[in-house]
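Visitor: Can you keep this structure in mind? I'll have questions shortly.
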Amino acid sequence: MSSDLKIKVRGLCKAFGRKVVLNNLDLDVPKGESLVVIGGSGTGKSVLIKCIIGLMKPDKGSIEIDGNEVTRMSSGEREEIMHKFGMLFQGGALFDSLPVWENVAFGLIAGRGFNRAEAKEIALRKLAAVGLGPDVAMLYPAELSGGMQKRVSLARAIATEPEIIFFDEPTTGLDPIMSQVINELIKQCVDDLGATALSITHDMHSLRVIGDGAAMIYDGRIIWTGPAQDIDNSGNPHVEQFVQGRADGPIKMPVRPL
Amino acid sequence: MPLLQPLGRTFLDGLSAIGRLSLFTLRAVLLALRPPYYPRLIVRQMIEIGYYSLPVVGMTAVFTGMVLALQTYTGFARFNAETAIPNVVVLSICRELGPVMAGLMVAGRIGAAMAAELGTMRVTEQIDALTTLSTNPYKYLIAPRLIAGLTMLPILVGTADVIGVLGGYLVSVYKLGFNPGSYIKNTVDFVQFLDVFSGLVKAGVFGFIVALMGCYHGFHSRGGAQGVGKATTNAVVSASILILISNYIVTELFFSR
């Protein structure tokens, strides 16, 4: 069975000083599936993704990508694995010293050795795939609206046609209409590439549009997983509280009374 | 006990900071030597450091040379040694004031800019994004800056030496009534290769320090706008102090025999 798993996480632990963020976390992402991890702010969603990509070193536990243990890899082997990844960052993380097309083409030029003309052509195609015309390609990221930046960032994440794409809060900070546009673009791009996707979000609409499977992270571990359409009748009080957005329930927000 | 505790903690923090900086330097230098190289970025940094710092460094040099001539005159006139002014000016500029003044000005201009740029890239996750695009941030961001700092500061300081001597010349000739020809002859005859060379070596060291401090503090900044501000301050302050310390060390290596 494990050969069908694209990402397999076991017993992952990560603490910052005395603050434990991930506590014995297990997670499976089957090949070709889009898994969405939901959870409140500060529950370790971003840390989880950064550990899997290799931007952070976990304290303990194992992470397998395509059956290869990555936590003990040398930096050279890690760079090889990195070729399989694409990531859409929460704030877009576009390089503001480069025009839009070079942002999109960056992974092709720097990582894959394409020449600039070829890479630009592919970049323009990818920009078209996220609904942006060639006039946008010459602009700088600072000249774009938040929604357009997210789209450029999505184009950059899919430009190298990665096997695994990570989405870190893809709709945070966008209006509902633009959120829906981004969600549908993500869904379409992931389906077109046949890629495996791991997203983290606290936006329930995102979950319903882009997710095949869903998982909820709470207190540093995964407390529930299942198909995305079962999220409304999960039978788990934590998940129910989160999905319905209630202030009272098993999840207590540390808010001091006035 | 409560008195000793903060003392020990400060000491240990200091040691671990030195360790972190050493590891960072080692990694940056080792990775800078290995391909891929980014000539485009190296050239851009060279222009930024070398060309755009010229006005600031030139202004510093010309006024330093001018004030040097004036001060030497008022001092040396007391024992009729005014003729030594060209020698004092060229020696001070080439050996000490050229490299140190240029180093400090560039620390303020370039070190701060590097720390702010890399710091902003860090807090907006652009450095993480580089990694996910199969690009090593040490090679892409830090190596070009270190190379540009190391190579451009000697050129800047060489220019500053000439401009500084010009400053001394202007004051001596037009204010103090020196003969232009003999001033220049005095300067050229007196100055030795080692005087200029030691200054240029210093410049290389200072350029490396400025770029290293800018990159180190920017690269490790955290916590949004405030963190970037702190990184910028730390980069300038630590670069300035290290310039003054290493200035003494290099001088000692060259001239104490």
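In the structure tokens, chains take letters A, B, ... by order of appearance, with residues numbered from 1 within each chain and ligands from 1 in the order shown.
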Using the chain letters and numbers from this document, which residues of range 170-238 of chain B does DSSP assign to alpha helix (DSSP H), as a count of residues only?
Guide: 58
Visitor: Can you tell me which residues surround Ala28 in chain B at a distance of at most 10 Å, considering only C-alpha atoms, apart from same-chain residues fewer than 4 positions away, and format the answer as a list in words?
Guide: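 Contacts, with the query itself left out: Ser22, Leu23, Phe24, Ala32, Leu33, Pro137, Tyr138, Lys139, Leu141, Ile142, Ala143, Leu146, Leu212, Cys215 and Tyr216 of chain B.
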Visitor: Given the selection you just returned, output its residues as a file containing C-alpha atoms, formatted as a short mmCIF file (atom, residue, chain, number, x, y, z; two decimals), in the first residue's frame.
Guide:
```cif
data_model
loop_
_atom_site.label_atom_id
_atom_site.label_comp_id
_atom_site.auth_asym_id
_atom_site.auth_seq_id
_atom_site.Cartn_x
_atom_site.Cartn_y
_atom_site.Cartn_z
CA SER B 22 31.37 31.68 11.39
CA LEU B 23 29.22 28.85 10.02
CA PHE B 24 27.30 31.30 7.85
CA ALA B 32 30.13 30.92 -3.72
CA LEU B 33 33.02 28.92 -5.15
CA PRO B 137 19.70 31.32 -1.72
CA TYR B 138 23.35 31.36 -0.65
CA LYS B 139 24.47 31.12 -4.26
CA LEU B 141 21.60 36.12 -3.09
CA ILE B 142 24.70 36.07 -0.93
CA ALA B 143 27.55 35.00 -3.22
CA LEU B 146 30.17 39.05 -1.28
CA LEU B 212 28.78 39.77 4.91
CA CYS B 215 23.64 39.51 4.18
CA TYR B 216 23.94 37.82 7.57
#
```
Visitor: Name the residues in contact with range 41-53 of chain B at a cut-off of 10 Å, using only C-alpha atoms, excluding same-chain residues fewer than 3 positions from it; report them as JSON, numbers by chain.
Guide: {"B": [37, 38, 56, 57, 58, 102, 105, 106, 109, 110, 111, 140, 141, 142, 143, 144, 145, 146, 147, 148, 149, 150, 151, 152, 153, 154, 155, 156, 157, 207, 211]}
Visitor: Restrict the distance test to only C-alpha atoms, flag each residue of chain B within 6 Å of chain A, and return the flagged residues as a list in words.
Guide: Thr124, Glu125, Gln126, Leu133 and Ser134 of chain B
Visitor: Measure the distance from CA of Val173 in chain B to CA of Gly103 in chain B in Å and round it to one decimal.
Guide: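 Taking CA of Val173 in chain B and CA of Gly103 in chain B, their separation equals 28.5 Å.
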Visitor: What does the distance from CA of Pro86 in chain B to CA of Thr60 in chain B come to in Å, to one decimal?
Guide: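 Computing it gives 18.5 Å between the two atoms.
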Visitor: Based on DSSP run over this structure's backbone, return all residues of range 16-124 of chain A in strand (DSSP E), as a PyMOL selection string.
Guide: chain A and resi 16+19-30+34-38+60-65+68-69+85-88
Visitor: Would you export the selected residues with N, CA and C atoms as a PDB file, in the first residue's frame, please?
Guide:
```
ATOM      1  N   PHE A  16       9.376  24.891  19.145  1.00  0.00           N
ATOM      2  CA  PHE A  16      10.200  26.100  19.158  1.00  0.00           C
ATOM      3  C   PHE A  16      10.387  26.484  20.611  1.00  0.00           C
ATOM      4  N   LYS A  19       7.602  25.768  23.240  1.00  0.00           N
ATOM      5  CA  LYS A  19       6.297  25.688  22.589  1.00  0.00           C
ATOM      6  C   LYS A  19       6.286  24.529  21.589  1.00  0.00           C
ATOM      7  N   VAL A  20       5.482  23.506  21.906  1.00  0.00           N
ATOM      8  CA  VAL A  20       5.389  22.341  21.025  1.00  0.00           C
ATOM      9  C   VAL A  20       4.376  22.659  19.924  1.00  0.00           C
ATOM     10  N   VAL A  21       4.800  22.599  18.672  1.00  0.00           N
ATOM     11  CA  VAL A  21       3.902  22.934  17.568  1.00  0.00           C
ATOM     12  C   VAL A  21       3.345  21.674  16.912  1.00  0.00           C
ATOM     13  N   LEU A  22       4.214  20.746  16.585  1.00  0.00           N
ATOM     14  CA  LEU A  22       3.767  19.467  16.036  1.00  0.00           C
ATOM     15  C   LEU A  22       4.111  18.380  17.053  1.00  0.00           C
ATOM     16  N   ASN A  23       3.116  17.524  17.338  1.00  0.00           N
ATOM     17  CA  ASN A  23       3.297  16.555  18.394  1.00  0.00           C
ATOM     18  C   ASN A  23       2.894  15.186  17.875  1.00  0.00           C
ATOM     19  N   ASN A  24       3.879  14.421  17.377  1.00  0.00           N
ATOM     20  CA  ASN A  24       3.609  13.069  16.905  1.00  0.00           C
ATOM     21  C   ASN A  24       2.578  13.043  15.791  1.00  0.00           C
ATOM     22  N   LEU A  25       2.781  13.840  14.774  1.00  0.00           N
ATOM     23  CA  LEU A  25       1.778  13.977  13.726  1.00  0.00           C
ATOM     24  C   LEU A  25       1.969  12.904  12.653  1.00  0.00           C
ATOM     25  N   ASP A  26       0.869  12.250  12.272  1.00  0.00           N
ATOM     26  CA  ASP A  26       0.872  11.294  11.156  1.00  0.00           C
ATOM     27  C   ASP A  26       0.000  11.842  10.037  1.00  0.00           C
ATOM     28  N   LEU A  27       0.450  11.650   8.782  1.00  0.00           N
ATOM     29  CA  LEU A  27      -0.341  12.158   7.663  1.00  0.00           C
ATOM     30  C   LEU A  27       0.002  11.349   6.414  1.00  0.00           C
ATOM     31  N   ASP A  28      -1.021  10.965   5.649  1.00  0.00           N
ATOM     32  CA  ASP A  28      -0.810  10.272   4.381  1.00  0.00           C
ATOM     33  C   ASP A  28      -1.447  11.068   3.263  1.00  0.00           C
ATOM     34  N   VAL A  29      -0.720  11.252   2.175  1.00  0.00           N
ATOM     35  CA  VAL A  29      -1.330  11.829   0.981  1.00  0.00           C
ATOM     36  C   VAL A  29      -1.146  10.841  -0.158  1.00  0.00           C
ATOM     37  N   PRO A  30      -2.238  10.183  -0.613  1.00  0.00           N
ATOM     38  CA  PRO A  30      -2.122   9.233  -1.717  1.00  0.00           C
ATOM     39  C   PRO A  30      -1.790   9.948  -3.022  1.00  0.00           C
ATOM     40  N   SER A  34      -5.882  15.315  -3.824  1.00  0.00           N
ATOM     41  CA  SER A  34      -5.717  16.648  -3.269  1.00  0.00           C
ATOM     42  C   SER A  34      -6.220  16.638  -1.838  1.00  0.00           C
ATOM     43  N   LEU A  35      -5.299  16.726  -0.914  1.00  0.00           N
ATOM     44  CA  LEU A  35      -5.662  16.696   0.505  1.00  0.00           C
ATOM     45  C   LEU A  35      -5.620  18.119   1.060  1.00  0.00           C
ATOM     46  N   VAL A  36      -6.682  18.458   1.784  1.00  0.00           N
ATOM     47  CA  VAL A  36      -6.727  19.782   2.399  1.00  0.00           C
ATOM     48  C   VAL A  36      -6.686  19.624   3.910  1.00  0.00           C
ATOM     49  N   VAL A  37      -5.716  20.281   4.530  1.00  0.00           N
ATOM     50  CA  VAL A  37      -5.616  20.244   5.983  1.00  0.00           C
ATOM     51  C   VAL A  37      -6.207  21.539   6.519  1.00  0.00           C
ATOM     52  N   ILE A  38      -7.226  21.401   7.385  1.00  0.00           N
ATOM     53  CA  ILE A  38      -7.804  22.588   7.991  1.00  0.00           C
ATOM     54  C   ILE A  38      -7.375  22.665   9.448  1.00  0.00           C
ATOM     55  N   LYS A  60      11.862  15.375  15.269  1.00  0.00           N
ATOM     56  CA  LYS A  60      11.765  13.919  15.331  1.00  0.00           C
ATOM     57  C   LYS A  60      10.745  13.467  14.290  1.00  0.00           C
ATOM     58  N   GLY A  61      10.798  12.223  13.912  1.00  0.00           N
ATOM     59  CA  GLY A  61       9.779  11.682  13.029  1.00  0.00           C
ATOM     60  C   GLY A  61      10.308  11.445  11.626  1.00  0.00           C
ATOM     61  N   SER A  62       9.465  10.822  10.809  1.00  0.00           N
ATOM     62  CA  SER A  62       9.915  10.491   9.458  1.00  0.00           C
ATOM     63  C   SER A  62       8.982  11.094   8.417  1.00  0.00           C
ATOM     64  N   ILE A  63       9.551  11.534   7.306  1.00  0.00           N
ATOM     65  CA  ILE A  63       8.776  12.037   6.181  1.00  0.00           C
ATOM     66  C   ILE A  63       9.259  11.294   4.947  1.00  0.00           C
ATOM     67  N   GLU A  64       8.346  10.587   4.281  1.00  0.00           N
ATOM     68  CA  GLU A  64       8.724   9.886   3.056  1.00  0.00           C
ATOM     69  C   GLU A  64       8.034  10.534   1.872  1.00  0.00           C
ATOM     70  N   ILE A  65       8.812  10.832   0.830  1.00  0.00           N
ATOM     71  CA  ILE A  65       8.267  11.305  -0.436  1.00  0.00           C
ATOM     72  C   ILE A  65       8.515  10.196  -1.440  1.00  0.00           C
ATOM     73  N   ASN A  68      10.814   7.563  -0.272  1.00  0.00           N
ATOM     74  CA  ASN A  68      12.182   7.903   0.131  1.00  0.00           C
ATOM     75  C   ASN A  68      12.152   8.779   1.373  1.00  0.00           C
ATOM     76  N   GLU A  69      12.905   8.338   2.374  1.00  0.00           N
ATOM     77  CA  GLU A  69      12.998   9.118   3.606  1.00  0.00           C
ATOM     78  C   GLU A  69      13.785  10.403   3.318  1.00  0.00           C
ATOM     79  N   PHE A  85       8.645  19.517  -6.385  1.00  0.00           N
ATOM     80  CA  PHE A  85       7.717  20.359  -5.624  1.00  0.00           C
ATOM     81  C   PHE A  85       7.386  21.666  -6.334  1.00  0.00           C
ATOM     82  N   GLY A  86       6.171  22.128  -6.078  1.00  0.00           N
ATOM     83  CA  GLY A  86       5.815  23.495  -6.409  1.00  0.00           C
ATOM     84  C   GLY A  86       5.083  24.034  -5.200  1.00  0.00           C
ATOM     85  N   MET A  87       5.210  25.327  -4.954  1.00  0.00           N
ATOM     86  CA  MET A  87       4.508  25.847  -3.771  1.00  0.00           C
ATOM     87  C   MET A  87       3.921  27.218  -4.038  1.00  0.00           C
ATOM     88  N   LEU A  88       2.695  27.374  -3.578  1.00  0.00           N
ATOM     89  CA  LEU A  88       2.037  28.679  -3.607  1.00  0.00           C
ATOM     90  C   LEU A  88       2.077  29.227  -2.189  1.00  0.00           C
TER      91      LEU A  88
END
```
Visitor: Need the shell around Ala116 in chain B: protein/DNA/RNA residues with any atom at most 8 Å away, counting only C-alpha atoms. Skip same-chain ones fewer than 4 positions apart. Format as a ChimeraX atom specification?
Guide: /B:112,120,218,228-229,231-232
Visitor: So which residues touch range 91-93 of chain B within 7 Å, counting only C-alpha atoms, skipping near sequence neighbours fewer than 2 positions away, as an NGL selection string?
Guide: :B and (87-89 or 95-98 or 161 or 164 or 191 or 195)
Visitor: Can I get the selection written as a PDB file, in the first residue's frame, with C-alpha atoms?
Guide:
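Result file follows (result-v3.pdb):
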```
ATOM      1  CA  ASN B  87      53.644  63.634   2.539  1.00  0.00           C
ATOM      2  CA  VAL B  88      51.264  63.618   5.501  1.00  0.00           C
ATOM      3  CA  VAL B  89      48.234  63.956   3.249  1.00  0.00           C
ATOM      4  CA  ARG B  95      47.036  54.000   4.400  1.00  0.00           C
ATOM      5  CA  GLU B  96      44.172  54.873   6.717  1.00  0.00           C
ATOM      6  CA  LEU B  97      41.567  57.460   5.903  1.00  0.00           C
ATOM      7  CA  GLY B  98      40.779  56.365   2.348  1.00  0.00           C
ATOM      8  CA  ASP B 161      42.927  57.952  -2.749  1.00  0.00           C
ATOM      9  CA  GLY B 164      41.674  62.703  -1.388  1.00  0.00           C
ATOM     10  CA  VAL B 191      54.469  57.534  -1.619  1.00  0.00           C
ATOM     11  CA  ASP B 195      51.323  52.452   1.324  1.00  0.00           C
TER      12      ASP B 195
END
```
Visitor: Looking at A:Gly32, A:Gly67, A:Gly226, A:Gly17, which one is nearest to Asp192 in chain A, with distances taken over only C-alpha atoms?
Guide: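 Distance minimum relative to Asp192 in chain A lands on A:Gly32.
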Visitor: Within 10 Å of Phe255 in chain B, counting only C-alpha atoms, which residues qualify if same-chain residues fewer than 5 places away don't, as JSON, numbers by chain?
Guide: {"B": [194, 195, 198, 250]}
Visitor: In Å, with one decimal, what is the gap from CA of Ile210 in chain A to CA of Thr43 in chain A?
Guide: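 Result for CA of Ile210 in chain A versus CA of Thr43 in chain A: 21.2 Å, one decimal.
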Visitor: I need the residue nearest His205 in chain A from this list: A:Gly146, A:Gly76, A:Pro170, A:Pro250. Use only C-alpha atoms for the distance.
Guide: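 Checking each candidate against His205 in chain A, we get A:Pro170 as the closest.
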Visitor: Name the closest residue to Ile164 in chain A among the candidates A:Lys31, A:Arg125, A:Lys45, A:Lys120; distances are taken between atoms, counting only C-alpha atoms.
Guide: A:Lys31
